[in-house]
Amino acid sequence: MRMKKTKSPDSGATLYSRIYAAVRKIPKGRVSTYGRIARLVKAPGPRVVGYAMAALPEGSSVPWQRVVNHKGEISLRKGGSGEIRQRRLLEAEGVEFKLRGRINLKIYGWPDP
DNA sequence: CTTTTGACGCGTA
DNA sequence: CTACGCGCCAAAA
């Protein structure tokens, strides 16, 4: 990790750390969106959240799978087979998928109201 | 050092 | 519902 000194001094935690922490807070059987987390951690942009997820290694303690885009569907690079893997994990948690692999954020969206 | 791309969100048409 | 554009920042080339 690069300890780069950005002009935004955080309260000790780095931006990525906050993102990971927020994702960890997502309850089981729920999903959140990049923008939602971006605001929770005060990220400058939702892209940074997605980028942080992409940088996550497998086996990380971060349930990045619970993070979906504002459309309610799984987003990952190139729409490869990873999408299927994610979906399977979410279904195992109790998340129900609509057609086209979309999730009803109205129900599974987090945080609630 | 510069340029391009990217697990995005949202307003507006 | 789709389509287009803008904004935001970081990492890779």
# chains A, B, ... in the order shown; residues from 1 in each chain; ligands from 1
>>> residues_around(residues="stretch 44-49 of chain A", least_positions_apart="3", cutoff="8 Å", atoms="only C-alpha atoms (C1' of nucleotides)", output="VMD selection string")
(chain A and resid 16 19 34 to 35 37 to 38 52 to 53) or (chain B and resid 6 8 to 9) or (chain C and resid 8 to 10)
>>> residues_around(residues="stretch 83-93 of chain A", least_positions_apart="2", cutoff="9 Å", atoms="only C-alpha atoms (C1' of nucleotides)", output="PyMOL selection string")
chain A and resi 28-31+65-66+74-76+79-81+95-97+101
>>> write_last_selection(atoms="all heavy atoms", output="tab-separated table (two decimals), in the first residue's frame")
chain	number	residue	atom	x	y	z
A	28	LYS	N	-25.67	-9.82	6.24
A	28	LYS	CA	-25.85	-10.97	5.35
A	28	LYS	C	-27.23	-10.95	4.74
A	28	LYS	O	-28.19	-10.58	5.39
A	28	LYS	CB	-25.66	-12.24	6.17
A	28	LYS	CG	-25.73	-13.42	5.30
A	28	LYS	CD	-25.54	-14.68	6.12
A	28	LYS	CE	-25.70	-15.81	5.16
A	28	LYS	NZ	-26.25	-16.94	5.79
A	29	GLY	N	-27.30	-11.33	3.52
A	29	GLY	CA	-28.59	-11.33	2.83
A	29	GLY	C	-28.97	-9.95	2.34
A	29	GLY	O	-30.10	-9.72	1.95
A	30	ARG	N	-28.04	-9.05	2.34
A	30	ARG	CA	-28.32	-7.69	1.86
A	30	ARG	C	-27.27	-7.29	0.83
A	30	ARG	O	-26.19	-7.85	0.79
A	30	ARG	CB	-28.29	-6.70	3.02
A	30	ARG	CG	-29.47	-6.90	3.92
A	30	ARG	CD	-30.63	-6.06	3.37
A	30	ARG	NE	-31.76	-6.20	4.26
A	30	ARG	CZ	-31.93	-5.37	5.29
A	30	ARG	NH1	-31.14	-4.39	5.48
A	30	ARG	NH2	-32.93	-5.54	6.07
A	31	VAL	N	-27.57	-6.30	0.06
A	31	VAL	CA	-26.61	-5.82	-0.93
A	31	VAL	C	-26.56	-4.30	-0.89
A	31	VAL	O	-27.52	-3.65	-0.49
A	31	VAL	CB	-27.00	-6.28	-2.34
A	31	VAL	CG1	-26.84	-7.78	-2.46
A	31	VAL	CG2	-28.40	-5.84	-2.67
A	65	GLN	N	-18.80	-9.18	-2.86
A	65	GLN	CA	-19.88	-9.73	-3.68
A	65	GLN	C	-21.19	-9.04	-3.38
A	65	GLN	O	-22.10	-9.01	-4.20
A	65	GLN	CB	-20.01	-11.21	-3.40
A	65	GLN	CG	-20.22	-11.46	-1.92
A	65	GLN	CD	-19.80	-12.88	-1.58
A	65	GLN	OE1	-18.65	-13.21	-1.53
A	65	GLN	NE2	-20.77	-13.73	-1.40
A	66	ARG	N	-21.31	-8.50	-2.19
A	66	ARG	CA	-22.56	-7.85	-1.83
A	66	ARG	C	-22.65	-6.44	-2.40
A	66	ARG	O	-23.60	-5.74	-2.16
A	66	ARG	CB	-22.67	-7.78	-0.32
A	66	ARG	CG	-22.84	-9.17	0.27
A	66	ARG	CD	-22.93	-9.08	1.79
A	66	ARG	NE	-22.87	-10.42	2.34
A	66	ARG	CZ	-22.39	-10.69	3.54
A	66	ARG	NH1	-21.96	-9.73	4.31
A	66	ARG	NH2	-22.37	-11.91	3.97
A	74	ILE	N	-24.97	-7.32	-10.72
A	74	ILE	CA	-23.55	-7.47	-10.45
A	74	ILE	C	-22.73	-6.83	-11.55
A	74	ILE	O	-23.01	-6.99	-12.72
A	74	ILE	CB	-23.21	-8.95	-10.34
A	74	ILE	CG1	-24.01	-9.56	-9.19
A	74	ILE	CG2	-21.73	-9.13	-10.07
A	74	ILE	CD1	-23.88	-11.06	-9.14
A	75	SER	N	-21.74	-6.11	-11.13
A	75	SER	CA	-20.88	-5.44	-12.10
A	75	SER	C	-19.46	-5.93	-11.95
A	75	SER	O	-18.89	-5.87	-10.90
A	75	SER	CB	-20.88	-3.94	-11.86
A	75	SER	OG	-22.13	-3.42	-12.13
A	76	LEU	N	-18.88	-6.36	-12.96
A	76	LEU	CA	-17.47	-6.65	-12.93
A	76	LEU	C	-16.92	-6.56	-14.32
A	76	LEU	O	-17.66	-6.40	-15.27
A	76	LEU	CB	-17.16	-7.99	-12.29
A	76	LEU	CG	-17.58	-9.22	-13.00
A	76	LEU	CD1	-16.90	-10.41	-12.34
A	76	LEU	CD2	-19.04	-9.38	-12.82
A	79	GLY	N	-17.82	-8.61	-17.93
A	79	GLY	CA	-18.95	-9.54	-17.87
A	79	GLY	C	-18.51	-10.96	-18.10
A	79	GLY	O	-19.13	-11.73	-18.80
A	80	GLY	N	-17.44	-11.33	-17.47
A	80	GLY	CA	-16.94	-12.69	-17.62
A	80	GLY	C	-17.74	-13.67	-16.79
A	80	GLY	O	-18.87	-13.40	-16.38
A	81	SER	N	-17.16	-14.79	-16.51
A	81	SER	CA	-17.87	-15.82	-15.75
A	81	SER	C	-17.97	-15.43	-14.28
A	81	SER	O	-18.70	-16.02	-13.52
A	81	SER	CB	-17.11	-17.13	-15.88
A	81	SER	OG	-15.73	-16.87	-15.72
A	95	VAL	N	-30.14	-13.84	-0.99
A	95	VAL	CA	-30.53	-12.75	-1.89
A	95	VAL	C	-31.20	-13.34	-3.13
A	95	VAL	O	-30.70	-14.28	-3.73
A	95	VAL	CB	-29.29	-11.94	-2.31
A	95	VAL	CG1	-29.68	-10.82	-3.25
A	95	VAL	CG2	-28.61	-11.38	-1.07
A	96	GLU	N	-32.32	-12.78	-3.47
A	96	GLU	CA	-33.04	-13.29	-4.62
A	96	GLU	C	-32.78	-12.45	-5.86
A	96	GLU	O	-32.78	-11.23	-5.79
A	96	GLU	CB	-34.54	-13.30	-4.31
A	96	GLU	CG	-35.32	-14.00	-5.36
A	96	GLU	CD	-36.76	-14.17	-4.93
A	96	GLU	OE1	-37.26	-13.34	-4.16
A	96	GLU	OE2	-37.39	-15.13	-5.36
A	97	PHE	N	-32.59	-13.10	-6.95
A	97	PHE	CA	-32.31	-12.38	-8.20
A	97	PHE	C	-33.53	-12.35	-9.09
A	97	PHE	O	-34.26	-13.33	-9.21
A	97	PHE	CB	-31.18	-13.08	-8.95
A	97	PHE	CG	-29.83	-12.68	-8.40
A	97	PHE	CD1	-29.38	-13.19	-7.19
A	97	PHE	CD2	-29.03	-11.80	-9.10
A	97	PHE	CE1	-28.15	-12.82	-6.69
A	97	PHE	CE2	-27.79	-11.44	-8.60
A	97	PHE	CZ	-27.35	-11.94	-7.40
A	101	GLY	N	-30.59	-11.26	-13.89
A	101	GLY	CA	-29.60	-11.18	-12.81
A	101	GLY	C	-29.67	-9.87	-12.05
A	101	GLY	O	-28.68	-9.39	-11.56
>>> select_by_dssp(residues="chain A", states="strand (DSSP E)", output="PDB file with C-alpha atoms, in the first residue's frame")
ATOM      1  CA  SER A  32     -25.338  -2.299  -1.341  1.00  0.00           C
ATOM      2  CA  THR A  33     -24.332  -0.105  -4.221  1.00  0.00           C
ATOM      3  CA  VAL A  67     -21.655  -4.705  -3.675  1.00  0.00           C
ATOM      4  CA  VAL A  68     -23.617  -4.110  -6.849  1.00  0.00           C
TER       5      VAL A  68
END
>>> select_by_dssp(residues="stretch 2-74 of chain A", states="alpha helix (DSSP H)", output="ChimeraX atom specification")
/A:15-24,34-40,46-54
>>> write_last_selection(atoms="N, CA, C and O atoms", output="JSON list (two decimals), in the first residue's frame")
[["chain", "number", "residue", "atom", "x", "y", "z"],
["A", 15, "LEU", "N", -8.50, 5.84, 2.43],
["A", 15, "LEU", "CA", -9.78, 5.77, 1.72],
["A", 15, "LEU", "C", -10.19, 4.33, 1.47],
["A", 15, "LEU", "O", -11.33, 3.96, 1.73],
["A", 16, "TYR", "N", -9.29, 3.53, 1.00],
["A", 16, "TYR", "CA", -9.61, 2.14, 0.72],
["A", 16, "TYR", "C", -10.04, 1.41, 1.99],
["A", 16, "TYR", "O", -10.96, 0.60, 1.98],
["A", 17, "SER", "N", -9.36, 1.68, 3.07],
["A", 17, "SER", "CA", -9.70, 1.01, 4.32],
["A", 17, "SER", "C", -11.13, 1.31, 4.72],
["A", 17, "SER", "O", -11.85, 0.44, 5.20],
["A", 18, "ARG", "N", -11.52, 2.53, 4.51],
["A", 18, "ARG", "CA", -12.90, 2.89, 4.86],
["A", 18, "ARG", "C", -13.87, 2.16, 3.97],
["A", 18, "ARG", "O", -14.92, 1.73, 4.40],
["A", 19, "ILE", "N", -13.52, 2.02, 2.72],
["A", 19, "ILE", "CA", -14.41, 1.32, 1.79],
["A", 19, "ILE", "C", -14.57, -0.13, 2.22],
["A", 19, "ILE", "O", -15.67, -0.66, 2.30],
["A", 20, "TYR", "N", -13.47, -0.75, 2.52],
["A", 20, "TYR", "CA", -13.53, -2.16, 2.94],
["A", 20, "TYR", "C", -14.33, -2.29, 4.22],
["A", 20, "TYR", "O", -15.09, -3.24, 4.40],
["A", 21, "ALA", "N", -14.14, -1.35, 5.11],
["A", 21, "ALA", "CA", -14.87, -1.40, 6.38],
["A", 21, "ALA", "C", -16.37, -1.29, 6.15],
["A", 21, "ALA", "O", -17.16, -1.98, 6.78],
["A", 22, "ALA", "N", -16.73, -0.43, 5.24],
["A", 22, "ALA", "CA", -18.15, -0.22, 4.95],
["A", 22, "ALA", "C", -18.75, -1.48, 4.35],
["A", 22, "ALA", "O", -19.86, -1.88, 4.70],
["A", 23, "VAL", "N", -18.02, -2.11, 3.46],
["A", 23, "VAL", "CA", -18.53, -3.32, 2.83],
["A", 23, "VAL", "C", -18.69, -4.42, 3.87],
["A", 23, "VAL", "O", -19.63, -5.21, 3.83],
["A", 24, "ARG", "N", -17.78, -4.45, 4.79],
["A", 24, "ARG", "CA", -17.88, -5.47, 5.85],
["A", 24, "ARG", "C", -19.12, -5.24, 6.69],
["A", 24, "ARG", "O", -19.62, -6.16, 7.31],
["A", 34, "TYR", "N", -22.32, 0.87, -5.07],
["A", 34, "TYR", "CA", -21.05, 1.60, -5.02],
["A", 34, "TYR", "C", -21.28, 3.03, -4.56],
["A", 34, "TYR", "O", -20.54, 3.56, -3.74],
["A", 35, "GLY", "N", -22.28, 3.63, -5.12],
["A", 35, "GLY", "CA", -22.55, 5.02, -4.76],
["A", 35, "GLY", "C", -22.91, 5.16, -3.30],
["A", 35, "GLY", "O", -22.53, 6.12, -2.63],
["A", 36, "ARG", "N", -23.64, 4.20, -2.81],
["A", 36, "ARG", "CA", -24.08, 4.25, -1.41],
["A", 36, "ARG", "C", -22.85, 4.20, -0.51],
["A", 36, "ARG", "O", -22.69, 5.00, 0.39],
["A", 37, "ILE", "N", -22.01, 3.26, -0.77],
["A", 37, "ILE", "CA", -20.80, 3.13, 0.04],
["A", 37, "ILE", "C", -19.90, 4.35, -0.15],
["A", 37, "ILE", "O", -19.31, 4.84, 0.80],
["A", 38, "ALA", "N", -19.87, 4.83, -1.36],
["A", 38, "ALA", "CA", -19.03, 6.01, -1.64],
["A", 38, "ALA", "C", -19.45, 7.17, -0.75],
["A", 38, "ALA", "O", -18.62, 7.91, -0.24],
["A", 39, "ARG", "N", -20.72, 7.30, -0.53],
["A", 39, "ARG", "CA", -21.18, 8.39, 0.32],
["A", 39, "ARG", "C", -20.94, 8.07, 1.78],
["A", 39, "ARG", "O", -20.67, 8.94, 2.59],
["A", 40, "LEU", "N", -21.05, 6.84, 2.12],
["A", 40, "LEU", "CA", -20.84, 6.46, 3.52],
["A", 40, "LEU", "C", -19.40, 6.74, 3.94],
["A", 40, "LEU", "O", -19.15, 7.17, 5.05],
["A", 46, "PRO", "N", -17.81, 7.42, -6.86],
["A", 46, "PRO", "CA", -18.17, 6.00, -6.79],
["A", 46, "PRO", "C", -17.17, 5.12, -7.52],
["A", 46, "PRO", "O", -17.06, 3.94, -7.25],
["A", 47, "ARG", "N", -16.44, 5.69, -8.42],
["A", 47, "ARG", "CA", -15.48, 4.89, -9.18],
["A", 47, "ARG", "C", -14.39, 4.37, -8.27],
["A", 47, "ARG", "O", -13.86, 3.29, -8.44],
["A", 48, "VAL", "N", -14.03, 5.18, -7.33],
["A", 48, "VAL", "CA", -12.96, 4.79, -6.42],
["A", 48, "VAL", "C", -13.38, 3.54, -5.64],
["A", 48, "VAL", "O", -12.58, 2.67, -5.35],
["A", 49, "VAL", "N", -14.66, 3.46, -5.33],
["A", 49, "VAL", "CA", -15.15, 2.29, -4.60],
["A", 49, "VAL", "C", -15.00, 1.06, -5.47],
["A", 49, "VAL", "O", -14.50, 0.02, -5.03],
["A", 50, "GLY", "N", -15.42, 1.18, -6.69],
["A", 50, "GLY", "CA", -15.32, 0.04, -7.60],
["A", 50, "GLY", "C", -13.87, -0.35, -7.81],
["A", 50, "GLY", "O", -13.53, -1.53, -7.89],
["A", 51, "TYR", "N", -13.04, 0.64, -7.87],
["A", 51, "TYR", "CA", -11.62, 0.36, -8.08],
["A", 51, "TYR", "C", -11.04, -0.37, -6.88],
["A", 51, "TYR", "O", -10.22, -1.25, -7.01],
["A", 52, "ALA", "N", -11.50, 0.00, -5.74],
["A", 52, "ALA", "CA", -11.02, -0.65, -4.51],
["A", 52, "ALA", "C", -11.43, -2.12, -4.52],
["A", 52, "ALA", "O", -10.68, -2.99, -4.09],
["A", 53, "MET", "N", -12.61, -2.39, -5.02],
["A", 53, "MET", "CA", -13.09, -3.77, -5.08],
["A", 53, "MET", "C", -12.25, -4.56, -6.06],
["A", 53, "MET", "O", -11.90, -5.70, -5.82],
["A", 54, "ALA", "N", -11.93, -3.96, -7.16],
["A", 54, "ALA", "CA", -11.14, -4.63, -8.18],
["A", 54, "ALA", "C", -9.76, -4.98, -7.65],
["A", 54, "ALA", "O", -9.15, -5.95, -8.06]]
>>> atom_distance(atom1="atom C1' of B:DC10", atom2="atom CA of A:Arg100")
22.3 Å
>>> atom_distance(atom1="atom CA of A:Gly59", atom2="atom CA of A:Lys106")
29.0 Å
>>> atom_distance(atom1="atom C1' of C:DA12", atom2="atom CA of A:Ser61")
25.5 Å
>>> closest_residue(among="A:Leu56, A:Ala43, A:Ile103, A:Val62", to="chain C", atoms="only C-alpha atoms (C1' of nucleotides)")
A:Ala43
>>> residues_around(residues="B:DT12", least_positions_apart="4", cutoff="12 Å", atoms="only C-alpha atoms (C1' of nucleotides)", output="JSON, numbers by chain")
{"C": [3, 4, 5, 6]}
